[in-house]
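Okay, structure first, notes after.
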Amino acid sequence: MKDFCAALRQRVLVLDGAMGTLLQERGLKPGACPEQMNLTAPEVVVGIHRQYRQAGADIIVTNSFGGSRSKLAHYDLAERVAEINGLAVELARQAAGDQAFVAAAIGPTGRFLEPVGDAGFDEMVAIFGEQVRAFADAGADLITLETFLDIAELRAAVIACREFSRLPVMALMTFEDGGRTVLGTSPQAAAVTLDGLQVDVIGANCGLGVEGILEVLRQMRSVTHRPLIAQANAGLPKLVDGKTVFNASPAEMTVCHPQMLELGVRVVGGCCGTTPEHIRVMAEDLAGRQAPWTAPARRCFLSSRTAVTEVGVSAPCAIIGERINPTGRKSYAAELREGKTAYIRREAQEQAAAGAHLLDLNCGAPGVDEPAALERAVLAAVGVTDRPLVLDSSDPVALERALKVADGKVLINSVNGEAKSLAAVLPLARKYGAAVIGLALDGRGIPETAEQRLAVAEAILDAALEAGLPREDVIIDCLTLTVSAEQKRAMETIGTLALVRQKLGLATVLGVSNISFGLPCRPILSATFFAMALQAGLAAAIINPKDGPMMDAYRSAMVLLGKDLRAEAYIAAYSDVKVASAPAPAAADAPLRQRLASAIIQGDPEGVVELVEQALAEGLSASQISNEGLLPGLEEVGRRFGANQVFLPQVMLSAETMQAAFGRLKEELSAEGVAGLGRILMATVEGDIHDIGKNIVCTLLENHGFEVVDLGKNVSAATIVERARALEVDAVGLSALMTTTLQQMQVTIDRLREAGVTVFTMVGGAVVTQDYADAIGADLYARDALEAVDKIKKLLKK
């Protein structure tokens, strides 16, 4: 680890280029397993590695990208994980010798984690752990996690690397033209999450050319101090004479090198379409640009799957919404005992709309299974808002269960100065990449003076640093006591804020409204104390963001303290120009059809069935419920998706809600003789074992009233033709993720026409473009699942 990390500081390292296309040129058949060539043709694999090493690559990447049990199972090789991955390291070492680093590659499994998919977190860690152990045993120098689409899956992979080895880790995600991953993760959110996990190098690969990768890395640099890695494609794929080609020349791959090095890119390599010649030219160009690098100062950010919030001494005070807490809220406590989440979803949305930057989740109440409840709360909150989360529990079992399903970097609330608390919570924060709130108290209670609280804060900081947490990820709660009972100690809290900032350089947090408990006109006192705390340097405040006077004090103070530049947030809040926010759920007295649509939009599978029952009881037919309530809601979800107001996880939650409603209406729809919109056959083409995108399209087509026949993945053209004819389908949808399998789309469409099967054809997938669809004669192309639904509805209607 020291050698690799030291090399990063001294010079830019060159990583090799594409492997799959070179393997195909040397005998790998379309649809065959690339990793199997480690067993059957090791000399070919070593030969490619040697070419890249001779071209100047400092890092040789193993032929193990698809070496997980999940991927190898498609080729009946699941029981040879250790052998194949260990051999991949050995073959790379033969070419690298002691002159280059061997980076063991891990790619996605092809599955999404719950709730978007069906994979469990522990299951995924175990799957990746098999590869990691094999790499470590075989002597790899580092691990590179490449081409990940799901930040939750990438988190599991990083944790597996840390749990089963001590090797350095590079982690890369793949972003689309719009600047986000297929599940909506932004470069900033990805970087914050990975930085929290203390990945050694962060970056992006595949999907984009050098200019696109550069823009992604610019956004990452704004939130992380880590070294960056760039692995661009050789341009964007085009169809030339029936073959997929990447047409960026070796020289074109170097045009962004100056800007990349200025950003702190310390590893540069190639992805799809790059060859040893590309790497040779890139290495020669970088050889004249080498210089040591000093990392920028670290700051504390928190993240969700799609958004980030800074918490720090120089950042604007972060508002933590406090209302998802059962204390004094009997109805919420009752919901927790019943396993329901309606209150959580509603409050998450309302507090976010009111101005909360973070959401505190507390599920501790008598009779509640807190671990299960906190896990449900996380899943409910992330389904309806993009705000990063604060996990409010002292139960390590509950915390760990929630940390596993939280997509980003969360804040744990909290740990205190007692050894037992520190030992239980700090290792969880380190393992799962979380920040932590430290309460300035210990076994002796709340210290009387600011100096005594500072001493406890210092002890918590020392313990956190010993556990491996960065000091910026420790936030001290200076403790707000009710002034009605502890009047003299109010100013001790204000004094502690200043001392912690001045002496330790740490951010601080307070549960502000505690100050006024037991007194009349609480908002007046709370807002005044809040303003005093902000002036003393308060970095985060746990308050009710729906409390007008508190938010008035906050917004005013941010302007006066110079933390709301140009008073933009203040003007947006108080002028006639309002910042758009997510619409709240339909009111209880809204028309029933509107509430049905709202349940789909909000993703409320619990509530939608009750609304369907009510609609049936009021005399609405099943088709009226579907066409006038449910489908308009799903269409609105599609509109918001197209406008980047919601992302794939929210779409899938709405789809799940739609399925719950249709599950209840199935018998009624059948009895009414409601006909479907059409029968569509879906398949991933031969040679391609990726089917996540296709599965999403299938789900949404069914939601919109189509009958879907899903043939699965790696389906031959002959099978598609035979099933399309036998089932008399109206349309055939074809999916491909790999550039090496694109040609099978044309083969399949040609076979359908040759066989006289009259159907509409639809194509899509990460590497498919409108130009390619036109070239092969497809009737339509869709860039995502919702566009596929919209286009096929219009086409069949015509």
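Just so we're on the same page: first chain in the structure tokens is A, next is B, and so on; residues restart at 1 for each chain, and ligands are numbered from 1 in the order they show up.
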Task: Residue contacts of Ala398 of chain A (8 Å, only C-alpha atoms) excluding same-chain residues fewer than 3 positions away, as a list of chain:residue names - done: A:Glu370, A:Pro371, A:Ala372, A:Leu374, A:Glu375, A:Ser393, A:Asp395, A:Arg401, A:Ala402
Task: Exercise: Pro237 of chain A partners within 12 Å, only C-alpha atoms, chain neighbours under 5 positions left out, as a VMD selection string - done: chain A and resid 206 to 209 243 to 248 271 to 274 738 to 740 742 766 to 772
Next, dump the selected residues to file, keeping only C-alpha atoms, as an mmCIF file, in the first residue's frame.
```cif
data_model
loop_
_atom_site.group_PDB
_atom_site.id
_atom_site.type_symbol
_atom_site.label_atom_id
_atom_site.label_comp_id
_atom_site.auth_asym_id
_atom_site.auth_seq_id
_atom_site.Cartn_x
_atom_site.Cartn_y
_atom_site.Cartn_z
ATOM 1 C CA CYS A 206 -16.542 4.103 -19.441
ATOM 2 C CA GLY A 207 -19.673 5.767 -20.802
ATOM 3 C CA LEU A 208 -17.945 9.007 -21.818
ATOM 4 C CA GLY A 209 -15.024 10.345 -23.802
ATOM 5 C CA LYS A 243 -19.064 -3.184 -36.492
ATOM 6 C CA THR A 244 -18.958 -1.019 -33.383
ATOM 7 C CA VAL A 245 -15.939 1.263 -33.402
ATOM 8 C CA PHE A 246 -14.556 3.965 -31.120
ATOM 9 C CA ASN A 247 -12.946 6.576 -33.332
ATOM 10 C CA ALA A 248 -10.896 8.765 -30.960
ATOM 11 C CA CYS A 271 -11.567 2.056 -21.289
ATOM 12 C CA CYS A 272 -13.641 0.857 -24.272
ATOM 13 C CA GLY A 273 -11.931 1.207 -27.632
ATOM 14 C CA THR A 274 -8.453 1.968 -26.290
ATOM 15 C CA MET A 738 -21.841 -4.562 -24.307
ATOM 16 C CA THR A 739 -20.353 -3.108 -27.481
ATOM 17 C CA THR A 740 -19.314 -6.647 -28.430
ATOM 18 C CA LEU A 742 -24.497 -4.893 -30.406
ATOM 19 C CA ALA A 766 -26.129 1.643 -22.486
ATOM 20 C CA VAL A 767 -24.171 1.387 -25.756
ATOM 21 C CA VAL A 768 -27.130 1.769 -28.135
ATOM 22 C CA THR A 769 -27.734 5.096 -29.912
ATOM 23 C CA GLN A 770 -30.403 6.538 -32.190
ATOM 24 C CA ASP A 771 -27.929 6.395 -35.087
ATOM 25 C CA TYR A 772 -27.310 2.700 -34.471
#
```
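One distance worth recording is that between atom CA of Leu197 of chain A and atom CA of Lys431 of chain A, which is 7.1 Å.
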Task: Ser626 of chain A environment, 9 Å, only C-alpha atoms, sequence neighbours closer than 4 positions dropped, as a PyMOL selection string - done: chain A and resi 621-622+630-632+661-662+665
Task: Shell of 9 Å around Ser654 of chain A, only C-alpha atoms, local chain residues under 6 positions omitted, as a list in words - done: Ala599, Ile600, Ile601, Gln602, Gly603, Asp604, Pro605, Gly633, Leu634 and Val637 of chain A
Dump of all heavy atoms for the selected residues, as a PDB file, in the first residue's frame:
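Wrote it out as again_33.pdb, contents follow:
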```pdb
ATOM      1  N   ALA A 599     -50.590   8.718  -4.543  1.00  0.00           N
ATOM      2  CA  ALA A 599     -49.969   7.536  -3.938  1.00  0.00           C
ATOM      3  C   ALA A 599     -48.933   6.925  -4.875  1.00  0.00           C
ATOM      4  O   ALA A 599     -47.879   6.457  -4.432  1.00  0.00           O
ATOM      5  CB  ALA A 599     -51.042   6.502  -3.593  1.00  0.00           C
ATOM      6  N   ILE A 600     -49.220   6.928  -6.179  1.00  0.00           N
ATOM      7  CA  ILE A 600     -48.247   6.420  -7.157  1.00  0.00           C
ATOM      8  C   ILE A 600     -47.037   7.348  -7.217  1.00  0.00           C
ATOM      9  O   ILE A 600     -45.880   6.907  -7.198  1.00  0.00           O
ATOM     10  CB  ILE A 600     -48.891   6.295  -8.553  1.00  0.00           C
ATOM     11  CG1 ILE A 600     -50.083   5.318  -8.520  1.00  0.00           C
ATOM     12  CG2 ILE A 600     -47.854   5.848  -9.580  1.00  0.00           C
ATOM     13  CD1 ILE A 600     -49.735   3.916  -8.097  1.00  0.00           C
ATOM     14  N   ILE A 601     -47.271   8.649  -7.271  1.00  0.00           N
ATOM     15  CA  ILE A 601     -46.187   9.626  -7.378  1.00  0.00           C
ATOM     16  C   ILE A 601     -45.285   9.561  -6.140  1.00  0.00           C
ATOM     17  O   ILE A 601     -44.052   9.589  -6.246  1.00  0.00           O
ATOM     18  CB  ILE A 601     -46.756  11.049  -7.537  1.00  0.00           C
ATOM     19  CG1 ILE A 601     -47.512  11.165  -8.865  1.00  0.00           C
ATOM     20  CG2 ILE A 601     -45.648  12.093  -7.455  1.00  0.00           C
ATOM     21  CD1 ILE A 601     -48.360  12.417  -8.977  1.00  0.00           C
ATOM     22  N   GLN A 602     -45.893   9.447  -4.966  1.00  0.00           N
ATOM     23  CA  GLN A 602     -45.108   9.437  -3.723  1.00  0.00           C
ATOM     24  C   GLN A 602     -44.498   8.069  -3.441  1.00  0.00           C
ATOM     25  O   GLN A 602     -43.624   7.954  -2.588  1.00  0.00           O
ATOM     26  CB  GLN A 602     -45.993   9.840  -2.540  1.00  0.00           C
ATOM     27  CG  GLN A 602     -46.692  11.185  -2.694  1.00  0.00           C
ATOM     28  CD  GLN A 602     -45.718  12.333  -2.882  1.00  0.00           C
ATOM     29  OE1 GLN A 602     -44.605  12.280  -2.376  1.00  0.00           O
ATOM     30  NE2 GLN A 602     -46.126  13.356  -3.620  1.00  0.00           N
ATOM     31  N   GLY A 603     -44.942   7.039  -4.159  1.00  0.00           N
ATOM     32  CA  GLY A 603     -44.416   5.695  -3.902  1.00  0.00           C
ATOM     33  C   GLY A 603     -44.895   5.152  -2.577  1.00  0.00           C
ATOM     34  O   GLY A 603     -44.091   4.852  -1.685  1.00  0.00           O
ATOM     35  N   ASP A 604     -46.208   5.004  -2.429  1.00  0.00           N
ATOM     36  CA  ASP A 604     -46.809   4.583  -1.163  1.00  0.00           C
ATOM     37  C   ASP A 604     -47.535   3.250  -1.345  1.00  0.00           C
ATOM     38  O   ASP A 604     -48.761   3.201  -1.472  1.00  0.00           O
ATOM     39  CB  ASP A 604     -47.794   5.655  -0.686  1.00  0.00           C
ATOM     40  CG  ASP A 604     -48.400   5.338   0.674  1.00  0.00           C
ATOM     41  OD1 ASP A 604     -47.972   4.341   1.298  1.00  0.00           O
ATOM     42  OD2 ASP A 604     -49.292   6.081   1.113  1.00  0.00           O
ATOM     43  N   PRO A 605     -46.800   2.134  -1.359  1.00  0.00           N
ATOM     44  CA  PRO A 605     -47.453   0.842  -1.578  1.00  0.00           C
ATOM     45  C   PRO A 605     -48.389   0.440  -0.448  1.00  0.00           C
ATOM     46  O   PRO A 605     -49.315  -0.335  -0.653  1.00  0.00           O
ATOM     47  CB  PRO A 605     -46.275  -0.137  -1.705  1.00  0.00           C
ATOM     48  CG  PRO A 605     -45.129   0.535  -1.053  1.00  0.00           C
ATOM     49  CD  PRO A 605     -45.336   1.999  -1.231  1.00  0.00           C
ATOM     50  N   GLY A 633     -50.960   9.140 -12.390  1.00  0.00           N
ATOM     51  CA  GLY A 633     -49.861   9.268 -11.431  1.00  0.00           C
ATOM     52  C   GLY A 633     -48.550   8.763 -12.010  1.00  0.00           C
ATOM     53  O   GLY A 633     -47.499   9.398 -11.868  1.00  0.00           O
ATOM     54  N   LEU A 634     -48.613   7.608 -12.686  1.00  0.00           N
ATOM     55  CA  LEU A 634     -47.396   7.044 -13.267  1.00  0.00           C
ATOM     56  C   LEU A 634     -46.882   7.926 -14.413  1.00  0.00           C
ATOM     57  O   LEU A 634     -45.670   8.067 -14.611  1.00  0.00           O
ATOM     58  CB  LEU A 634     -47.673   5.625 -13.768  1.00  0.00           C
ATOM     59  CG  LEU A 634     -46.445   4.728 -13.975  1.00  0.00           C
ATOM     60  CD1 LEU A 634     -45.646   4.578 -12.701  1.00  0.00           C
ATOM     61  CD2 LEU A 634     -46.866   3.366 -14.492  1.00  0.00           C
ATOM     62  N   VAL A 637     -44.953  10.669 -12.883  1.00  0.00           N
ATOM     63  CA  VAL A 637     -43.617  10.191 -12.514  1.00  0.00           C
ATOM     64  C   VAL A 637     -42.700  10.219 -13.724  1.00  0.00           C
ATOM     65  O   VAL A 637     -41.533  10.630 -13.643  1.00  0.00           O
ATOM     66  CB  VAL A 637     -43.696   8.766 -11.923  1.00  0.00           C
ATOM     67  CG1 VAL A 637     -42.294   8.172 -11.736  1.00  0.00           C
ATOM     68  CG2 VAL A 637     -44.434   8.780 -10.595  1.00  0.00           C
TER      69      VAL A 637
END
```
Open item on the list: as a ChimeraX atom specification, please: the residues near Val732 of chain A (cut-off 7 Å, only C-alpha atoms, same-chain neighbours under 5 positions excluded).
Closed with: /A:680-682,759-762
Task: Test item: residues at most 9 Å from Arg299 of chain A, only C-alpha atoms, excluding those fewer than 5 positions along its chain, as a list in words - done: Val223, Thr224, His225, Glu310, Val311, Gly312, Glu472 and Asp473 of chain A
TODO: Return as an NGL selection string the full set of residues in segment 624-686 of chain A whose backbone-based DSSP assignment is helix (DSSP H, G or I).
DONE: :A and (624-642 or 648-671)
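In terms of minimum interatomic distance to Lys340 of chain A, A:Glu606 ranks closest within A:Leu426, A:Glu606, A:Ser165, A:Ala455, counting only C-alpha atoms.
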Open item on the list: Just checking: using only C-alpha atoms, which residue out of A:Thr496, A:Leu525, A:Glu787, A:Leu534 ends up closest to Arg639 of chain A?
Closed with: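 Ranking A:Thr496, A:Leu525, A:Glu787, A:Leu534 by distance to Arg639 of chain A, first place goes to A:Glu787.
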